[in-house]
file final_38.txt (compact mmCIF, N, CA and C atoms)
# COMPACT_ATOMS: atom_id res chain seq x y z
N MET A 1 135.22 43.17 104.42
CA MET A 1 136.37 42.47 103.86
C MET A 1 136.24 41.00 104.20
N ILE A 2 136.46 40.17 103.25
CA ILE A 2 136.42 38.73 103.46
C ILE A 2 137.74 38.29 104.08
N TYR A 3 137.65 37.59 105.20
CA TYR A 3 138.84 37.09 105.87
C TYR A 3 139.33 35.85 105.13
N ASP A 4 140.60 35.82 104.86
CA ASP A 4 141.19 34.60 104.31
C ASP A 4 142.53 34.36 105.01
N ASN A 5 143.20 33.32 104.63
CA ASN A 5 144.44 32.93 105.31
C ASN A 5 145.57 33.93 105.14
N ARG A 6 145.45 34.84 104.19
CA ARG A 6 146.51 35.82 103.99
C ARG A 6 146.45 36.93 105.05
N MET A 7 145.31 37.12 105.68
CA MET A 7 145.12 38.20 106.64
C MET A 7 145.40 37.67 108.05
N THR A 8 146.52 38.09 108.61
CA THR A 8 146.90 37.65 109.96
C THR A 8 146.29 38.58 111.00
N GLN A 9 146.33 38.17 112.24
CA GLN A 9 145.83 39.01 113.33
C GLN A 9 146.63 40.31 113.42
N GLU A 10 147.93 40.24 113.17
CA GLU A 10 148.76 41.44 113.21
C GLU A 10 148.35 42.43 112.12
N MET A 11 148.04 41.89 110.93
CA MET A 11 147.60 42.75 109.83
C MET A 11 146.25 43.37 110.14
N LEU A 12 145.35 42.60 110.73
CA LEU A 12 144.05 43.14 111.12
C LEU A 12 144.21 44.25 112.16
N ALA A 13 145.16 44.09 113.05
CA ALA A 13 145.41 45.12 114.07
C ALA A 13 145.89 46.42 113.41
N LEU A 14 146.79 46.33 112.44
CA LEU A 14 147.26 47.53 111.72
C LEU A 14 146.12 48.18 110.96
N LEU A 15 145.31 47.38 110.33
CA LEU A 15 144.16 47.89 109.59
C LEU A 15 143.20 48.60 110.54
N GLY A 16 142.94 47.96 111.67
CA GLY A 16 142.04 48.55 112.67
C GLY A 16 142.55 49.86 113.22
N SER A 17 143.84 49.95 113.48
CA SER A 17 144.38 51.20 114.02
C SER A 17 144.31 52.32 112.99
N THR A 18 144.47 51.99 111.72
CA THR A 18 144.38 53.00 110.67
C THR A 18 142.95 53.49 110.52
N VAL A 19 141.99 52.57 110.53
CA VAL A 19 140.58 52.95 110.44
C VAL A 19 140.19 53.80 111.65
N THR A 20 140.69 53.44 112.81
CA THR A 20 140.39 54.20 114.03
C THR A 20 140.84 55.65 113.90
N ARG A 21 141.98 55.88 113.27
CA ARG A 21 142.47 57.26 113.08
C ARG A 21 141.47 58.07 112.26
N PHE A 22 140.96 57.49 111.19
CA PHE A 22 139.96 58.18 110.37
C PHE A 22 138.71 58.47 111.20
N MET A 23 138.25 57.48 111.95
CA MET A 23 137.00 57.61 112.69
C MET A 23 137.12 58.64 113.82
N ARG A 24 138.24 58.63 114.52
CA ARG A 24 138.43 59.59 115.62
C ARG A 24 138.41 61.03 115.12
N GLU A 25 138.93 61.22 113.92
CA GLU A 25 138.97 62.57 113.35
C GLU A 25 137.69 62.89 112.59
N GLY A 26 136.77 61.95 112.53
CA GLY A 26 135.49 62.18 111.85
C GLY A 26 135.63 62.32 110.35
N ILE A 27 136.64 61.67 109.79
CA ILE A 27 136.90 61.76 108.36
C ILE A 27 136.27 60.58 107.65
N PRO A 28 135.31 60.85 106.73
CA PRO A 28 134.78 59.73 105.94
C PRO A 28 135.88 59.20 105.01
N PHE A 29 135.86 57.92 104.73
CA PHE A 29 136.91 57.35 103.89
C PHE A 29 136.39 56.21 103.05
N GLU A 30 137.11 55.96 101.99
CA GLU A 30 136.86 54.82 101.11
C GLU A 30 138.11 53.97 101.08
N LEU A 31 138.02 52.81 100.45
CA LEU A 31 139.16 51.89 100.43
C LEU A 31 140.42 52.53 99.87
N HIS A 32 140.30 53.31 98.80
CA HIS A 32 141.51 53.88 98.21
C HIS A 32 142.17 54.87 99.17
N GLU A 33 141.39 55.60 99.97
CA GLU A 33 141.96 56.52 100.94
C GLU A 33 142.64 55.76 102.08
N LEU A 34 142.04 54.67 102.48
CA LEU A 34 142.63 53.82 103.50
C LEU A 34 143.95 53.24 103.00
N SER A 35 143.95 52.81 101.77
CA SER A 35 145.17 52.27 101.16
C SER A 35 146.27 53.33 101.09
N GLN A 36 145.91 54.55 100.72
CA GLN A 36 146.89 55.64 100.65
C GLN A 36 147.46 55.95 102.03
N ALA A 37 146.60 55.97 103.05
CA ALA A 37 147.06 56.23 104.41
C ALA A 37 148.02 55.13 104.87
N MET A 38 147.70 53.89 104.53
CA MET A 38 148.57 52.78 104.92
C MET A 38 149.91 52.84 104.19
N GLN A 39 149.90 53.32 102.96
CA GLN A 39 151.14 53.48 102.21
C GLN A 39 152.05 54.50 102.90
N ILE A 40 151.49 55.59 103.37
CA ILE A 40 152.27 56.60 104.09
C ILE A 40 152.82 56.03 105.39
N LEU A 41 151.98 55.30 106.13
CA LEU A 41 152.44 54.68 107.36
C LEU A 41 153.56 53.68 107.09
N LYS A 42 153.44 52.94 106.02
CA LYS A 42 154.48 51.97 105.64
C LYS A 42 155.79 52.68 105.35
N GLU A 43 155.71 53.77 104.61
CA GLU A 43 156.92 54.51 104.26
C GLU A 43 157.62 55.11 105.48
N ASN A 44 156.82 55.44 106.51
CA ASN A 44 157.39 56.04 107.72
C ASN A 44 157.82 55.01 108.76
N GLU A 45 157.46 53.75 108.55
CA GLU A 45 157.77 52.69 109.50
C GLU A 45 159.22 52.26 109.38
N ILE A 46 159.89 52.05 110.51
CA ILE A 46 161.29 51.61 110.46
C ILE A 46 161.42 50.10 110.66
N ASN A 47 160.41 49.47 111.27
CA ASN A 47 160.46 48.03 111.51
C ASN A 47 160.13 47.29 110.21
N PRO A 48 161.08 46.50 109.68
CA PRO A 48 160.84 45.80 108.41
C PRO A 48 159.68 44.81 108.45
N GLU A 49 159.43 44.19 109.61
CA GLU A 49 158.31 43.24 109.73
C GLU A 49 156.98 43.96 109.56
N ILE A 50 156.87 45.10 110.21
CA ILE A 50 155.62 45.86 110.12
C ILE A 50 155.45 46.44 108.71
N LYS A 51 156.55 46.88 108.10
CA LYS A 51 156.48 47.34 106.71
C LYS A 51 155.92 46.26 105.81
N GLN A 52 156.37 45.03 106.03
CA GLN A 52 155.91 43.90 105.22
C GLN A 52 154.41 43.66 105.43
N ARG A 53 153.94 43.81 106.67
CA ARG A 53 152.51 43.65 106.95
C ARG A 53 151.69 44.73 106.24
N TYR A 54 152.18 45.96 106.30
CA TYR A 54 151.50 47.04 105.59
C TYR A 54 151.42 46.72 104.09
N GLU A 55 152.50 46.27 103.53
CA GLU A 55 152.52 45.95 102.09
C GLU A 55 151.49 44.88 101.76
N ALA A 56 151.40 43.86 102.60
CA ALA A 56 150.43 42.79 102.35
C ALA A 56 149.00 43.32 102.44
N ILE A 57 148.72 44.18 103.41
CA ILE A 57 147.38 44.76 103.53
C ILE A 57 147.07 45.63 102.33
N ILE A 58 148.01 46.42 101.90
CA ILE A 58 147.82 47.30 100.74
C ILE A 58 147.48 46.46 99.50
N ARG A 59 148.18 45.35 99.32
CA ARG A 59 147.89 44.46 98.18
C ARG A 59 146.48 43.91 98.26
N LEU A 60 146.05 43.47 99.45
CA LEU A 60 144.71 42.93 99.61
C LEU A 60 143.65 44.01 99.35
N LEU A 61 143.87 45.22 99.85
CA LEU A 61 142.93 46.30 99.58
C LEU A 61 142.85 46.59 98.09
N SER A 62 144.00 46.52 97.43
CA SER A 62 144.03 46.75 95.98
C SER A 62 143.18 45.71 95.25
N GLU A 63 143.28 44.46 95.69
CA GLU A 63 142.46 43.40 95.08
C GLU A 63 140.97 43.69 95.27
N LEU A 64 140.60 44.21 96.42
CA LEU A 64 139.20 44.52 96.69
C LEU A 64 138.69 45.67 95.85
N MET A 65 139.57 46.57 95.47
CA MET A 65 139.17 47.75 94.69
C MET A 65 139.02 47.42 93.21
N HIS A 66 139.57 46.30 92.78
CA HIS A 66 139.54 45.98 91.34
C HIS A 66 138.70 44.78 91.04

call {"tool": "encode", "arguments": {"input": "final_38.txt", "output": "structure tokens"}}
result
Amino acid sequence: MIYDNRMTQEMLALLGSTVTRFMREGIPFELHELSQAMQILKENEINPEIKQRYEAIIRLLSELMH
């Protein structure tokens, strides 16, 4: 992923923790699966700031897929 000004350290941390979940469970994944997992995490999150970070990451992943 190309780092740009839209990707904050907090967003990278959320992305990293999501990827770590896949890796710990030995589950191969692609960008669309990562995006789907982040969507579920966003929906279950109660903190509005973190929800907003998830949304921004999901948008960036979507740009990478298209």

call {"tool": "select_by_dssp", "arguments": {"input": "final_38.txt", "residues": "chain A", "states": "helix (DSSP H, G or I)", "output": "number ranges by chain"}}
result
A: 9-24, 31-44, 48-65

call {"tool": "write_last_selection", "arguments": {"input": "final_38.txt", "atoms": "N, CA and C atoms", "output": "tab-separated table (two decimals), in the coordinates of the input"}}
result
chain	number	residue	atom	x	y	z
A	9	GLN	N	146.33	38.17	112.24
A	9	GLN	CA	145.83	39.01	113.33
A	9	GLN	C	146.63	40.31	113.42
A	10	GLU	N	147.93	40.24	113.17
A	10	GLU	CA	148.76	41.44	113.21
A	10	GLU	C	148.35	42.43	112.12
A	11	MET	N	148.04	41.89	110.93
A	11	MET	CA	147.60	42.75	109.83
A	11	MET	C	146.25	43.37	110.14
A	12	LEU	N	145.35	42.60	110.73
A	12	LEU	CA	144.05	43.14	111.12
A	12	LEU	C	144.21	44.25	112.16
A	13	ALA	N	145.16	44.09	113.05
A	13	ALA	CA	145.41	45.12	114.07
A	13	ALA	C	145.89	46.42	113.41
A	14	LEU	N	146.79	46.33	112.44
A	14	LEU	CA	147.26	47.53	111.72
A	14	LEU	C	146.12	48.18	110.96
A	15	LEU	N	145.31	47.38	110.33
A	15	LEU	CA	144.16	47.89	109.59
A	15	LEU	C	143.20	48.60	110.54
A	16	GLY	N	142.94	47.96	111.67
A	16	GLY	CA	142.04	48.55	112.67
A	16	GLY	C	142.55	49.86	113.22
A	17	SER	N	143.84	49.95	113.48
A	17	SER	CA	144.38	51.20	114.02
A	17	SER	C	144.31	52.32	112.99
A	18	THR	N	144.47	51.99	111.72
A	18	THR	CA	144.38	53.00	110.67
A	18	THR	C	142.95	53.49	110.52
A	19	VAL	N	141.99	52.57	110.53
A	19	VAL	CA	140.58	52.95	110.44
A	19	VAL	C	140.19	53.80	111.65
A	20	THR	N	140.69	53.44	112.81
A	20	THR	CA	140.39	54.20	114.03
A	20	THR	C	140.84	55.65	113.90
A	21	ARG	N	141.98	55.88	113.27
A	21	ARG	CA	142.47	57.26	113.08
A	21	ARG	C	141.47	58.07	112.26
A	22	PHE	N	140.96	57.49	111.19
A	22	PHE	CA	139.96	58.18	110.37
A	22	PHE	C	138.71	58.47	111.20
A	23	MET	N	138.25	57.48	111.95
A	23	MET	CA	137.00	57.61	112.69
A	23	MET	C	137.12	58.64	113.82
A	24	ARG	N	138.24	58.63	114.52
A	24	ARG	CA	138.43	59.59	115.62
A	24	ARG	C	138.41	61.03	115.12
A	31	LEU	N	138.02	52.81	100.45
A	31	LEU	CA	139.16	51.89	100.43
A	31	LEU	C	140.42	52.53	99.87
A	32	HIS	N	140.30	53.31	98.80
A	32	HIS	CA	141.51	53.88	98.21
A	32	HIS	C	142.17	54.87	99.17
A	33	GLU	N	141.39	55.60	99.97
A	33	GLU	CA	141.96	56.52	100.94
A	33	GLU	C	142.64	55.76	102.08
A	34	LEU	N	142.04	54.67	102.48
A	34	LEU	CA	142.63	53.82	103.50
A	34	LEU	C	143.95	53.24	103.00
A	35	SER	N	143.95	52.81	101.77
A	35	SER	CA	145.17	52.27	101.16
A	35	SER	C	146.27	53.33	101.09
A	36	GLN	N	145.91	54.55	100.72
A	36	GLN	CA	146.89	55.64	100.65
A	36	GLN	C	147.46	55.95	102.03
A	37	ALA	N	146.60	55.97	103.05
A	37	ALA	CA	147.06	56.23	104.41
A	37	ALA	C	148.02	55.13	104.87
A	38	MET	N	147.70	53.89	104.53
A	38	MET	CA	148.57	52.78	104.92
A	38	MET	C	149.91	52.84	104.19
A	39	GLN	N	149.90	53.32	102.96
A	39	GLN	CA	151.14	53.48	102.21
A	39	GLN	C	152.05	54.50	102.90
A	40	ILE	N	151.49	55.59	103.37
A	40	ILE	CA	152.27	56.60	104.09
A	40	ILE	C	152.82	56.03	105.39
A	41	LEU	N	151.98	55.30	106.13
A	41	LEU	CA	152.44	54.68	107.36
A	41	LEU	C	153.56	53.68	107.09
A	42	LYS	N	153.44	52.94	106.02
A	42	LYS	CA	154.48	51.97	105.64
A	42	LYS	C	155.79	52.68	105.35
A	43	GLU	N	155.71	53.77	104.61
A	43	GLU	CA	156.92	54.51	104.26
A	43	GLU	C	157.62	55.11	105.48
A	44	ASN	N	156.82	55.44	106.51
A	44	ASN	CA	157.39	56.04	107.72
A	44	ASN	C	157.82	55.01	108.76
A	48	PRO	N	161.08	46.50	109.68
A	48	PRO	CA	160.84	45.80	108.41
A	48	PRO	C	159.68	44.81	108.45
A	49	GLU	N	159.43	44.19	109.61
A	49	GLU	CA	158.31	43.24	109.73
A	49	GLU	C	156.98	43.96	109.56
A	50	ILE	N	156.87	45.10	110.21
A	50	ILE	CA	155.62	45.86	110.12
A	50	ILE	C	155.45	46.44	108.71
A	51	LYS	N	156.55	46.88	108.10
A	51	LYS	CA	156.48	47.34	106.71
A	51	LYS	C	155.92	46.26	105.81
A	52	GLN	N	156.37	45.03	106.03
A	52	GLN	CA	155.91	43.90	105.22
A	52	GLN	C	154.41	43.66	105.43
A	53	ARG	N	153.94	43.81	106.67
A	53	ARG	CA	152.51	43.65	106.95
A	53	ARG	C	151.69	44.73	106.24
A	54	TYR	N	152.18	45.96	106.30
A	54	TYR	CA	151.50	47.04	105.59
A	54	TYR	C	151.42	46.72	104.09
A	55	GLU	N	152.50	46.27	103.53
A	55	GLU	CA	152.52	45.95	102.09
A	55	GLU	C	151.49	44.88	101.76
A	56	ALA	N	151.40	43.86	102.60
A	56	ALA	CA	150.43	42.79	102.35
A	56	ALA	C	149.00	43.32	102.44
A	57	ILE	N	148.72	44.18	103.41
A	57	ILE	CA	147.38	44.76	103.53
A	57	ILE	C	147.07	45.63	102.33
A	58	ILE	N	148.01	46.42	101.90
A	58	ILE	CA	147.82	47.30	100.74
A	58	ILE	C	147.48	46.46	99.50
A	59	ARG	N	148.18	45.35	99.32
A	59	ARG	CA	147.89	44.46	98.18
A	59	ARG	C	146.48	43.91	98.26
A	60	LEU	N	146.05	43.47	99.45
A	60	LEU	CA	144.71	42.93	99.61
A	60	LEU	C	143.65	44.01	99.35
A	61	LEU	N	143.87	45.22	99.85
A	61	LEU	CA	142.93	46.30	99.58
A	61	LEU	C	142.85	46.59	98.09
A	62	SER	N	144.00	46.52	97.43
A	62	SER	CA	144.03	46.75	95.98
A	62	SER	C	143.18	45.71	95.25
A	63	GLU	N	143.28	44.46	95.69
A	63	GLU	CA	142.46	43.40	95.08
A	63	GLU	C	140.97	43.69	95.27
A	64	LEU	N	140.60	44.21	96.42
A	64	LEU	CA	139.20	44.52	96.69
A	64	LEU	C	138.69	45.67	95.85
A	65	MET	N	139.57	46.57	95.47
A	65	MET	CA	139.17	47.75	94.69
A	65	MET	C	139.02	47.42	93.21

call {"tool": "residues_around", "arguments": {"input": "final_38.txt", "residues": "stretch 32-39 of chain A", "least_positions_apart": "4", "cutoff": "6.5 Å", "atoms": "all atoms listed in the file", "output": "PyMOL selection string"}}
result
chain A and resi 43-44+54+58

call {"tool": "residues_near_point", "arguments": {"input": "final_38.txt", "point": "(157.8, 48.4, 105.5)", "cutoff": "12 Å", "atoms": "only C-alpha atoms", "output": "JSON, numbers by chain"}}
result
{"A": [38, 39, 40, 41, 42, 43, 44, 45, 46, 47, 48, 49, 50, 51, 52, 53, 54, 55, 56, 57, 58]}

call {"tool": "write_last_selection", "arguments": {"input": "final_38.txt", "atoms": "N, CA and C atoms", "output": "PDB file, in the frame of the given file"}}
result
ATOM      1  N   MET A  38     147.700  53.890 104.530  1.00  0.00           N
ATOM      2  CA  MET A  38     148.570  52.780 104.920  1.00  0.00           C
ATOM      3  C   MET A  38     149.910  52.840 104.190  1.00  0.00           C
ATOM      4  N   GLN A  39     149.900  53.320 102.960  1.00  0.00           N
ATOM      5  CA  GLN A  39     151.140  53.480 102.210  1.00  0.00           C
ATOM      6  C   GLN A  39     152.050  54.500 102.900  1.00  0.00           C
ATOM      7  N   ILE A  40     151.490  55.590 103.370  1.00  0.00           N
ATOM      8  CA  ILE A  40     152.270  56.600 104.090  1.00  0.00           C
ATOM      9  C   ILE A  40     152.820  56.030 105.390  1.00  0.00           C
ATOM     10  N   LEU A  41     151.980  55.300 106.130  1.00  0.00           N
ATOM     11  CA  LEU A  41     152.440  54.680 107.360  1.00  0.00           C
ATOM     12  C   LEU A  41     153.560  53.680 107.090  1.00  0.00           C
ATOM     13  N   LYS A  42     153.440  52.940 106.020  1.00  0.00           N
ATOM     14  CA  LYS A  42     154.480  51.970 105.640  1.00  0.00           C
ATOM     15  C   LYS A  42     155.790  52.680 105.350  1.00  0.00           C
ATOM     16  N   GLU A  43     155.710  53.770 104.610  1.00  0.00           N
ATOM     17  CA  GLU A  43     156.920  54.510 104.260  1.00  0.00           C
ATOM     18  C   GLU A  43     157.620  55.110 105.480  1.00  0.00           C
ATOM     19  N   ASN A  44     156.820  55.440 106.510  1.00  0.00           N
ATOM     20  CA  ASN A  44     157.390  56.040 107.720  1.00  0.00           C
ATOM     21  C   ASN A  44     157.820  55.010 108.760  1.00  0.00           C
ATOM     22  N   GLU A  45     157.460  53.750 108.550  1.00  0.00           N
ATOM     23  CA  GLU A  45     157.770  52.690 109.500  1.00  0.00           C
ATOM     24  C   GLU A  45     159.220  52.260 109.380  1.00  0.00           C
ATOM     25  N   ILE A  46     159.890  52.050 110.510  1.00  0.00           N
ATOM     26  CA  ILE A  46     161.290  51.610 110.460  1.00  0.00           C
ATOM     27  C   ILE A  46     161.420  50.100 110.660  1.00  0.00           C
ATOM     28  N   ASN A  47     160.410  49.470 111.270  1.00  0.00           N
ATOM     29  CA  ASN A  47     160.460  48.030 111.510  1.00  0.00           C
ATOM     30  C   ASN A  47     160.130  47.290 110.210  1.00  0.00           C
ATOM     31  N   PRO A  48     161.080  46.500 109.680  1.00  0.00           N
ATOM     32  CA  PRO A  48     160.840  45.800 108.410  1.00  0.00           C
ATOM     33  C   PRO A  48     159.680  44.810 108.450  1.00  0.00           C
ATOM     34  N   GLU A  49     159.430  44.190 109.610  1.00  0.00           N
ATOM     35  CA  GLU A  49     158.310  43.240 109.730  1.00  0.00           C
ATOM     36  C   GLU A  49     156.980  43.960 109.560  1.00  0.00           C
ATOM     37  N   ILE A  50     156.870  45.100 110.210  1.00  0.00           N
ATOM     38  CA  ILE A  50     155.620  45.860 110.120  1.00  0.00           C
ATOM     39  C   ILE A  50     155.450  46.440 108.710  1.00  0.00           C
ATOM     40  N   LYS A  51     156.550  46.880 108.100  1.00  0.00           N
ATOM     41  CA  LYS A  51     156.480  47.340 106.710  1.00  0.00           C
ATOM     42  C   LYS A  51     155.920  46.260 105.810  1.00  0.00           C
ATOM     43  N   GLN A  52     156.370  45.030 106.030  1.00  0.00           N
ATOM     44  CA  GLN A  52     155.910  43.900 105.220  1.00  0.00           C
ATOM     45  C   GLN A  52     154.410  43.660 105.430  1.00  0.00           C
ATOM     46  N   ARG A  53     153.940  43.810 106.670  1.00  0.00           N
ATOM     47  CA  ARG A  53     152.510  43.650 106.950  1.00  0.00           C
ATOM     48  C   ARG A  53     151.690  44.730 106.240  1.00  0.00           C
ATOM     49  N   TYR A  54     152.180  45.960 106.300  1.00  0.00           N
ATOM     50  CA  TYR A  54     151.500  47.040 105.590  1.00  0.00           C
ATOM     51  C   TYR A  54     151.420  46.720 104.090  1.00  0.00           C
ATOM     52  N   GLU A  55     152.500  46.270 103.530  1.00  0.00           N
ATOM     53  CA  GLU A  55     152.520  45.950 102.090  1.00  0.00           C
ATOM     54  C   GLU A  55     151.490  44.880 101.760  1.00  0.00           C
ATOM     55  N   ALA A  56     151.400  43.860 102.600  1.00  0.00           N
ATOM     56  CA  ALA A  56     150.430  42.790 102.350  1.00  0.00           C
ATOM     57  C   ALA A  56     149.000  43.320 102.440  1.00  0.00           C
ATOM     58  N   ILE A  57     148.720  44.180 103.410  1.00  0.00           N
ATOM     59  CA  ILE A  57     147.380  44.760 103.530  1.00  0.00           C
ATOM     60  C   ILE A  57     147.070  45.630 102.330  1.00  0.00           C
ATOM     61  N   ILE A  58     148.010  46.420 101.900  1.00  0.00           N
ATOM     62  CA  ILE A  58     147.820  47.300 100.740  1.00  0.00           C
ATOM     63  C   ILE A  58     147.480  46.460  99.500  1.00  0.00           C
TER      64      ILE A  58
END

call {"tool": "atom_distance", "arguments": {"input": "final_38.txt", "atom1": "atom N of A:Glu10", "atom2": "atom N of A:Arg24"}}
result
20.8 Å

call {"tool": "atom_distance", "arguments": {"input": "final_38.txt", "atom1": "atom N of A:Arg21", "atom2": "atom CA of A:His66"}}
result
24.2 Å

call {"tool": "axis_aligned_box", "arguments": {"input": "final_38.txt", "around": "stretch 30-39 of chain A", "padding_each_side": "8 Å", "output": "lines of an AutoDock Vina configuration file"}}
result
center_x = 144.5
center_y = 54.2
center_z = 101.6
size_x = 31.2
size_y = 20.6
size_z = 22.7

call {"tool": "atom_distance", "arguments": {"input": "final_38.txt", "atom1": "atom C of A:Thr20", "atom2": "atom N of A:Glu63"}}
result
21.5 Å

call {"tool": "decode", "arguments": {"input": "final_38.txt", "residues": "stretch 14-27 of chain A", "atoms": "N, CA, C and O atoms", "output": "PDB file, in the first residue's frame"}}
result
ATOM      1  N   LEU A  14      -4.918   0.191  13.145  1.00  0.00           N
ATOM      2  CA  LEU A  14      -6.141  -0.610  12.959  1.00  0.00           C
ATOM      3  C   LEU A  14      -5.960  -1.611  11.831  1.00  0.00           C
ATOM      4  O   LEU A  14      -6.372  -2.773  11.943  1.00  0.00           O
ATOM      5  N   LEU A  15      -5.349  -1.175  10.765  1.00  0.00           N
ATOM      6  CA  LEU A  15      -5.092  -2.062   9.631  1.00  0.00           C
ATOM      7  C   LEU A  15      -4.174  -3.201  10.060  1.00  0.00           C
ATOM      8  O   LEU A  15      -4.427  -4.373   9.762  1.00  0.00           O
ATOM      9  N   GLY A  16      -3.127  -2.861  10.791  1.00  0.00           N
ATOM     10  CA  GLY A  16      -2.185  -3.869  11.267  1.00  0.00           C
ATOM     11  C   GLY A  16      -2.828  -4.885  12.191  1.00  0.00           C
ATOM     12  O   GLY A  16      -2.567  -6.084  12.087  1.00  0.00           O
ATOM     13  N   SER A  17      -3.689  -4.432  13.080  1.00  0.00           N
ATOM     14  CA  SER A  17      -4.331  -5.372  14.000  1.00  0.00           C
ATOM     15  C   SER A  17      -5.288  -6.296  13.257  1.00  0.00           C
ATOM     16  O   SER A  17      -5.418  -7.472  13.603  1.00  0.00           O
ATOM     17  N   THR A  18      -5.924  -5.806  12.214  1.00  0.00           N
ATOM     18  CA  THR A  18      -6.826  -6.646  11.424  1.00  0.00           C
ATOM     19  C   THR A  18      -6.045  -7.691  10.645  1.00  0.00           C
ATOM     20  O   THR A  18      -6.412  -8.873  10.623  1.00  0.00           O
ATOM     21  N   VAL A  19      -4.946  -7.286  10.033  1.00  0.00           N
ATOM     22  CA  VAL A  19      -4.096  -8.223   9.294  1.00  0.00           C
ATOM     23  C   VAL A  19      -3.531  -9.275  10.250  1.00  0.00           C
ATOM     24  O   VAL A  19      -3.474 -10.463   9.924  1.00  0.00           O
ATOM     25  N   THR A  20      -3.143  -8.852  11.439  1.00  0.00           N
ATOM     26  CA  THR A  20      -2.606  -9.784  12.430  1.00  0.00           C
ATOM     27  C   THR A  20      -3.615 -10.873  12.769  1.00  0.00           C
ATOM     28  O   THR A  20      -3.246 -12.040  12.933  1.00  0.00           O
ATOM     29  N   ARG A  21      -4.892 -10.527  12.853  1.00  0.00           N
ATOM     30  CA  ARG A  21      -5.930 -11.534  13.142  1.00  0.00           C
ATOM     31  C   ARG A  21      -5.949 -12.613  12.069  1.00  0.00           C
ATOM     32  O   ARG A  21      -6.050 -13.803  12.367  1.00  0.00           O
ATOM     33  N   PHE A  22      -5.881 -12.202  10.808  1.00  0.00           N
ATOM     34  CA  PHE A  22      -5.852 -13.172   9.709  1.00  0.00           C
ATOM     35  C   PHE A  22      -4.609 -14.056   9.827  1.00  0.00           C
ATOM     36  O   PHE A  22      -4.683 -15.273   9.687  1.00  0.00           O
ATOM     37  N   MET A  23      -3.462 -13.441  10.076  1.00  0.00           N
ATOM     38  CA  MET A  23      -2.201 -14.169  10.095  1.00  0.00           C
ATOM     39  C   MET A  23      -2.134 -15.156  11.263  1.00  0.00           C
ATOM     40  O   MET A  23      -1.666 -16.284  11.103  1.00  0.00           O
ATOM     41  N   ARG A  24      -2.600 -14.738  12.427  1.00  0.00           N
ATOM     42  CA  ARG A  24      -2.576 -15.624  13.599  1.00  0.00           C
ATOM     43  C   ARG A  24      -3.421 -16.868  13.384  1.00  0.00           C
ATOM     44  O   ARG A  24      -3.107 -17.935  13.888  1.00  0.00           O
ATOM     45  N   GLU A  25      -4.506 -16.701  12.661  1.00  0.00           N
ATOM     46  CA  GLU A  25      -5.398 -17.829  12.394  1.00  0.00           C
ATOM     47  C   GLU A  25      -4.976 -18.599  11.150  1.00  0.00           C
ATOM     48  O   GLU A  25      -5.608 -19.586  10.794  1.00  0.00           O
ATOM     49  N   GLY A  26      -3.923 -18.144  10.491  1.00  0.00           N
ATOM     50  CA  GLY A  26      -3.425 -18.835   9.298  1.00  0.00           C
ATOM     51  C   GLY A  26      -4.362 -18.757   8.116  1.00  0.00           C
ATOM     52  O   GLY A  26      -4.377 -19.632   7.261  1.00  0.00           O
ATOM     53  N   ILE A  27      -5.133 -17.678   8.058  1.00  0.00           N
ATOM     54  CA  ILE A  27      -6.116 -17.506   6.996  1.00  0.00           C
ATOM     55  C   ILE A  27      -5.517 -16.646   5.887  1.00  0.00           C
ATOM     56  O   ILE A  27      -5.160 -15.493   6.115  1.00  0.00           O
TER      57      ILE A  27
END
